[in-house]
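Beneath this line is the structure, given in structure tokens, with notes to follow.
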Amino acid sequence: MASPSARPVAGKIELSRTELTVSSTSGASLATASFTDCASVEAIATQYLGAQKRTPQPSPFSGTVVTWSGVALALNDHGTCSMQFSAAASNGLVLTTPDGVSVGDTVTHVVAAGGISDYTYGNGTDTFESFAFDAVPVDGTTSLTHPGQVGKAFLGVETKNGRVQYIDSNGNDYSDI
């Protein structure tokens, strides 16, 4: 008699520029959703991260922020969404990029994984550096951080004093609030 096959155990959630992917501990993909399908992104996050909190955002943001421990999903009123990781793990799952970068990693690790430094600034006490992964030019846009250049869409990694503080999907350097 054949024994029932074991159900794959989720091990990590990856955040890319365009989608959210949940993988098993053996590396098999369990679920994927594009940031153009916000309902699916929210459903997958809820399935694997558990109970959520919803907070309406007043104008000029006009949307809803859905949060789990260490994860935030911004749903705007125009049908698009973006996600942010502010922790290295949530609900027992590793939160990472496809390149293996997680909150708490060093700038050295970010650069070794392929992160491109976009800009650096300081406030006299702390140093902040922004990195881009998977950056692609977006025709018809102009970069706000690099005036005169075409804007880019990317996966963003923000550091403070040499350590990753958060990771943002669906980022760009050409739109404002």
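Simple scheme: letters A, B, ... for chains in structure tokens order, numbers from 1 for residues in each chain, numbers from 1 for ligands in the order shown.
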From a DSSP calculation on the backbone, collect every residue of chain A in alpha helix (DSSP H) and output the set as a PyMOL selection string. chain A and resi 38-49+107-112
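Within 7 Å of region 6-13 of chain A, once only C-alpha atoms are used and residues closer than 3 positions along the same chain are dropped, the contacting residues are Thr21, Val22, Ser23, Ser24, Thr25, Leu93, Val94, Leu95 and Thr96 of chain A.
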Can you spit out the residues from that selection as a short mmCIF file (atom, residue, chain, number, x, y, z; two decimals), in the first residue's frame, using N, CA, C and O atoms?
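So result_38.cif came out as:
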data_model
loop_
_atom_site.label_atom_id
_atom_site.label_comp_id
_atom_site.auth_asym_id
_atom_site.auth_seq_id
_atom_site.Cartn_x
_atom_site.Cartn_y
_atom_site.Cartn_z
N THR A 21 7.12 35.06 -4.39
CA THR A 21 7.19 33.61 -4.59
C THR A 21 7.41 32.93 -3.25
O THR A 21 8.28 33.34 -2.48
N VAL A 22 6.65 31.87 -2.99
CA VAL A 22 6.84 31.04 -1.80
C VAL A 22 7.46 29.74 -2.28
O VAL A 22 6.97 29.12 -3.22
N SER A 23 8.55 29.33 -1.62
CA SER A 23 9.24 28.09 -1.98
C SER A 23 9.29 27.15 -0.78
O SER A 23 9.29 27.59 0.37
N SER A 24 9.37 25.85 -1.08
CA SER A 24 9.45 24.85 -0.03
C SER A 24 10.86 24.81 0.54
O SER A 24 11.79 25.40 -0.03
N THR A 25 11.02 24.07 1.61
CA THR A 25 12.34 23.92 2.21
C THR A 25 13.30 23.20 1.26
O THR A 25 14.51 23.34 1.38
N LEU A 93 9.20 31.62 8.26
CA LEU A 93 9.68 31.60 6.88
C LEU A 93 10.76 32.66 6.68
O LEU A 93 10.62 33.80 7.14
N VAL A 94 11.81 32.30 5.96
CA VAL A 94 12.86 33.25 5.61
C VAL A 94 12.29 34.23 4.60
O VAL A 94 11.61 33.85 3.65
N LEU A 95 12.55 35.52 4.81
CA LEU A 95 12.15 36.57 3.88
C LEU A 95 13.40 37.02 3.14
O LEU A 95 14.36 37.46 3.78
N THR A 96 13.42 36.90 1.82
CA THR A 96 14.65 37.13 1.07
C THR A 96 14.36 37.63 -0.34
O THR A 96 13.21 37.66 -0.78
#
Nearest-residue call for Cys38 (chain A), choices A:Asn91, A:Thr127, A:Asn76, A:Thr145, using only C-alpha atoms: A:Asn76
Among the residues of chain A, find those DSSP assigns to strand (DSSP E) from the backbone and print them as a ChimeraX atom specification. /A:10-15,19-24,29-34,53-57,63-68,71-76,81-85,89-90,93-96,116-122,127-142,150-160,163-172
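Considering the residues A:Asn161, A:Gly148, A:Leu155, A:Ala112 and counting only C-alpha atoms, Glu14 (chain A) has its shortest atom-to-atom contact with A:Leu155.
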Any idea what's packed within 7 Å of Ala135 (chain A), counting only C-alpha atoms, ignoring anything in its chain fewer than 5 positions away? Could you give it as a PyMOL selection string? chain A and resi 152-154
Could the residues in this selection be saved with N, CA, C and O atoms as a tab-separated table (two decimals), in the first residue's frame?
chain	number	residue	atom	x	y	z
A	152	LYS	N	14.04	54.20	-13.82
A	152	LYS	CA	14.18	52.75	-13.77
A	152	LYS	C	13.24	52.15	-12.73
A	152	LYS	O	12.96	52.77	-11.71
A	153	ALA	N	12.79	50.94	-13.01
A	153	ALA	CA	12.04	50.14	-12.05
A	153	ALA	C	13.03	49.12	-11.49
A	153	ALA	O	13.92	48.66	-12.20
A	154	PHE	N	12.88	48.75	-10.21
A	154	PHE	CA	13.86	47.86	-9.57
A	154	PHE	C	13.31	47.28	-8.28
A	154	PHE	O	12.29	47.70	-7.77
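Among A:Gln84, A:Gly104, A:Tyr174, A:Gly50, the residue with the shortest atom-to-atom distance to Asp139 (chain A), counting only C-alpha atoms, is A:Tyr174.
Going from CA of His109 (chain A) to CA of Ala88 (chain A) covers 14.2 Å.
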Using only C-alpha atoms: which of A:Ser40, A:Phe85, A:Thr32, A:Ala113 has the shortest distance to Pro98 (chain A): A:Ala113
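Nearest residue to Asp37 (chain A), choosing from A:Pro147, A:Asp118, A:Ser16, A:Cys81 and counting only C-alpha atoms: A:Cys81.
Separating CA of His146 (chain A) from CA of Gly79 (chain A) is a distance of 27.5 Å.
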